[in-house]
>>> print(open('coords_5.cif').read())   # mmCIF, C-alpha atoms
data_entry
loop_
_atom_site.group_PDB
_atom_site.id
_atom_site.type_symbol
_atom_site.label_atom_id
_atom_site.label_comp_id
_atom_site.auth_asym_id
_atom_site.auth_seq_id
_atom_site.Cartn_x
_atom_site.Cartn_y
_atom_site.Cartn_z
ATOM 1 C CA MET X 577 0.000 0.000 0.000
ATOM 2 C CA SER X 578 1.470 3.375 -0.977
ATOM 3 C CA LYS X 579 1.739 6.188 1.508
ATOM 4 C CA VAL X 580 0.056 9.507 0.860
ATOM 5 C CA GLN X 581 2.326 12.449 1.458
ATOM 6 C CA VAL X 582 0.510 15.205 3.325
ATOM 7 C CA GLN X 583 1.718 18.758 3.027
ATOM 8 C CA SER X 584 1.459 21.006 6.031
ATOM 9 C CA ASP X 585 -2.056 22.223 6.618
ATOM 10 C CA HIS X 586 -2.982 25.872 6.269
ATOM 11 C CA PRO X 587 -6.232 27.675 7.022
ATOM 12 C CA PHE X 588 -8.676 28.065 4.137
ATOM 13 C CA HIS X 589 -8.161 31.834 3.900
ATOM 14 C CA GLU X 590 -4.427 31.335 3.245
ATOM 15 C CA THR X 591 -4.731 28.381 0.904
ATOM 16 C CA ILE X 592 -7.438 29.948 -1.242
ATOM 17 C CA VAL X 593 -5.375 33.085 -1.911
ATOM 18 C CA ASP X 594 -2.495 30.943 -3.191
ATOM 19 C CA ALA X 595 -4.877 28.881 -5.323
ATOM 20 C CA ILE X 596 -6.506 31.984 -6.813
ATOM 21 C CA GLN X 597 -3.168 33.476 -7.806
ATOM 22 C CA GLU X 598 -2.265 30.366 -9.841
ATOM 23 C CA ALA X 599 -5.705 29.440 -11.214
ATOM 24 C CA THR X 600 -6.643 29.000 -14.838
ATOM 25 C CA SER X 601 -10.045 30.184 -16.051
ATOM 26 C CA THR X 602 -11.542 26.719 -15.511
ATOM 27 C CA GLU X 603 -10.051 26.525 -12.032
ATOM 28 C CA LEU X 604 -11.402 29.985 -11.190
ATOM 29 C CA HIS X 605 -14.916 28.755 -11.969
ATOM 30 C CA CYS X 606 -14.382 25.807 -9.598
ATOM 31 C CA LEU X 607 -12.882 28.049 -6.918
ATOM 32 C CA ALA X 608 -15.822 30.429 -7.259
ATOM 33 C CA ARG X 609 -18.236 27.610 -6.405
ATOM 34 C CA LEU X 610 -16.065 26.544 -3.483
ATOM 35 C CA ILE X 611 -15.748 30.085 -2.107
ATOM 36 C CA LYS X 612 -19.485 30.679 -2.381
ATOM 37 C CA ARG X 613 -20.228 27.499 -0.383
ATOM 38 C CA THR X 614 -17.555 27.844 2.311
ATOM 39 C CA THR X 615 -17.589 29.728 5.598
ATOM 40 C CA ILE X 616 -14.762 32.249 5.566
ATOM 41 C CA LEU X 617 -13.752 33.540 8.965
ATOM 42 C CA LYS X 618 -10.954 35.986 8.147
ATOM 43 C CA ASP X 619 -8.778 37.683 5.525
ATOM 44 C CA HIS X 620 -11.787 38.507 3.377
ATOM 45 C CA ASP X 621 -10.067 41.572 1.925
ATOM 46 C CA ARG X 622 -7.022 39.521 0.856
ATOM 47 C CA ILE X 623 -9.277 37.003 -0.847
ATOM 48 C CA ILE X 624 -11.192 39.752 -2.663
ATOM 49 C CA ALA X 625 -7.995 41.497 -3.766
ATOM 50 C CA ALA X 626 -6.445 38.264 -5.062
ATOM 51 C CA TRP X 627 -9.683 37.344 -6.820
ATOM 52 C CA GLU X 628 -10.134 40.715 -8.513
ATOM 53 C CA GLU X 629 -6.498 40.838 -9.645
ATOM 54 C CA ARG X 630 -6.585 37.324 -11.107
ATOM 55 C CA CYS X 631 -9.971 37.732 -12.754
ATOM 56 C CA LYS X 632 -8.906 40.959 -14.445
ATOM 57 C CA SER X 633 -5.998 39.136 -16.074
ATOM 58 C CA VAL X 634 -8.083 36.080 -17.021
ATOM 59 C CA PHE X 635 -11.624 37.342 -17.683
ATOM 60 C CA GLY X 636 -11.455 41.132 -17.840
ATOM 61 C CA PRO X 637 -14.319 42.749 -15.910
ATOM 62 C CA GLU X 638 -16.160 39.487 -15.071
ATOM 63 C CA ASP X 639 -15.737 38.457 -11.421
ATOM 64 C CA LEU X 640 -18.258 35.574 -11.204
ATOM 65 C CA GLY X 641 -19.933 37.262 -8.226
ATOM 66 C CA VAL X 642 -17.186 36.241 -5.819
ATOM 67 C CA PRO X 643 -16.268 39.672 -4.383
ATOM 68 C CA ALA X 644 -19.895 40.412 -3.477
ATOM 69 C CA THR X 645 -20.251 36.991 -1.869
ATOM 70 C CA VAL X 646 -17.046 37.377 0.148
ATOM 71 C CA ARG X 647 -18.110 40.862 1.292
ATOM 72 C CA ALA X 648 -21.388 39.374 2.566
ATOM 73 C CA LYS X 649 -19.454 36.620 4.338
ATOM 74 C CA LYS X 650 -17.235 39.293 5.909
ATOM 75 C CA GLU X 651 -20.278 41.141 7.254
ATOM 76 C CA LYS X 652 -21.632 37.895 8.661
ATOM 77 C CA ALA X 653 -18.291 37.091 10.329
ATOM 78 C CA LEU X 654 -18.100 40.599 11.805
ATOM 79 C CA SER X 655 -21.647 40.363 13.152
ATOM 80 C CA ARG X 656 -20.730 37.123 14.944
ATOM 81 C CA ILE X 657 -17.801 38.883 16.603
ATOM 82 C CA ASN X 658 -19.961 41.825 17.710
ATOM 83 C CA ASP X 659 -22.736 39.629 19.152
#
>>> encode(input="coords_5.cif", output="structure tokens")
Amino acid sequence: MSKVQVQSDHPFHETIVDAIQEATSTELHCLARLIKRTTILKDHDRIIAAWEERCKSVFGPEDLGVPATVRAKKEKALSRIND
């Protein structure tokens, strides 16, 4: 039986920024679905900035609705902190 090599784990908000920066157009579509369905607890602004920068170079003005979704998730995370 072969062993699976596990890389060191990182929080979602760090891993997703790295993935966005390297993503192809097809991968960006997959990442968009993942981002929209995942709870994001921090670094929302970094995710938005990485997303907007990558999408501009790949799609032009199309952002697949991710920045708006992440902003809403940021508001939700902030409201949890303030409660």
>>> residues_around(input="coords_5.cif", residues="region 630-642 of chain X", least_positions_apart="5", cutoff="12 Å", atoms="all atoms listed in the file", output="PyMOL selection string")
chain X and resi 593-614+620-621+623-625+647-649
>>> atom_distance(input="coords_5.cif", atom1="CA of Glu651 (chain X)", atom2="CA of Thr591 (chain X)")
21.1 Å
>>> atom_distance(input="coords_5.cif", atom1="CA of Thr615 (chain X)", atom2="CA of Glu629 (chain X)")
21.9 Å
>>> atom_distance(input="coords_5.cif", atom1="CA of Lys650 (chain X)", atom2="CA of Pro587 (chain X)")
16.0 Å
>>> closest_residue(input="coords_5.cif", among="X:Ile657, X:His586, X:Ile592, X:Gln581", to="Ala626 (chain X)", atoms="only C-alpha atoms")
X:Ile592
>>> residues_around(input="coords_5.cif", residues="Ala653 (chain X)", least_positions_apart="6", cutoff="9 Å", atoms="only C-alpha atoms", output="ChimeraX atom specification")
/X:615-618
>>> write_last_selection(input="coords_5.cif", atoms="C-alpha atoms", output="CSV table (one decimal), in the frame of the given file")
chain,number,residue,atom,x,y,z
X,615,THR,CA,-17.6,29.7,5.6
X,616,ILE,CA,-14.8,32.2,5.6
X,617,LEU,CA,-13.8,33.5,9.0
X,618,LYS,CA,-11.0,36.0,8.1
>>> axis_aligned_box(input="coords_5.cif", around="region 587-597 of chain X", padding_each_side="8 Å", output="AutoDock Vina command-line options")
--center_x -5.6 --center_y 30.6 --center_z -0.4 --size_x 22.2 --size_y 21.8 --size_z 30.8
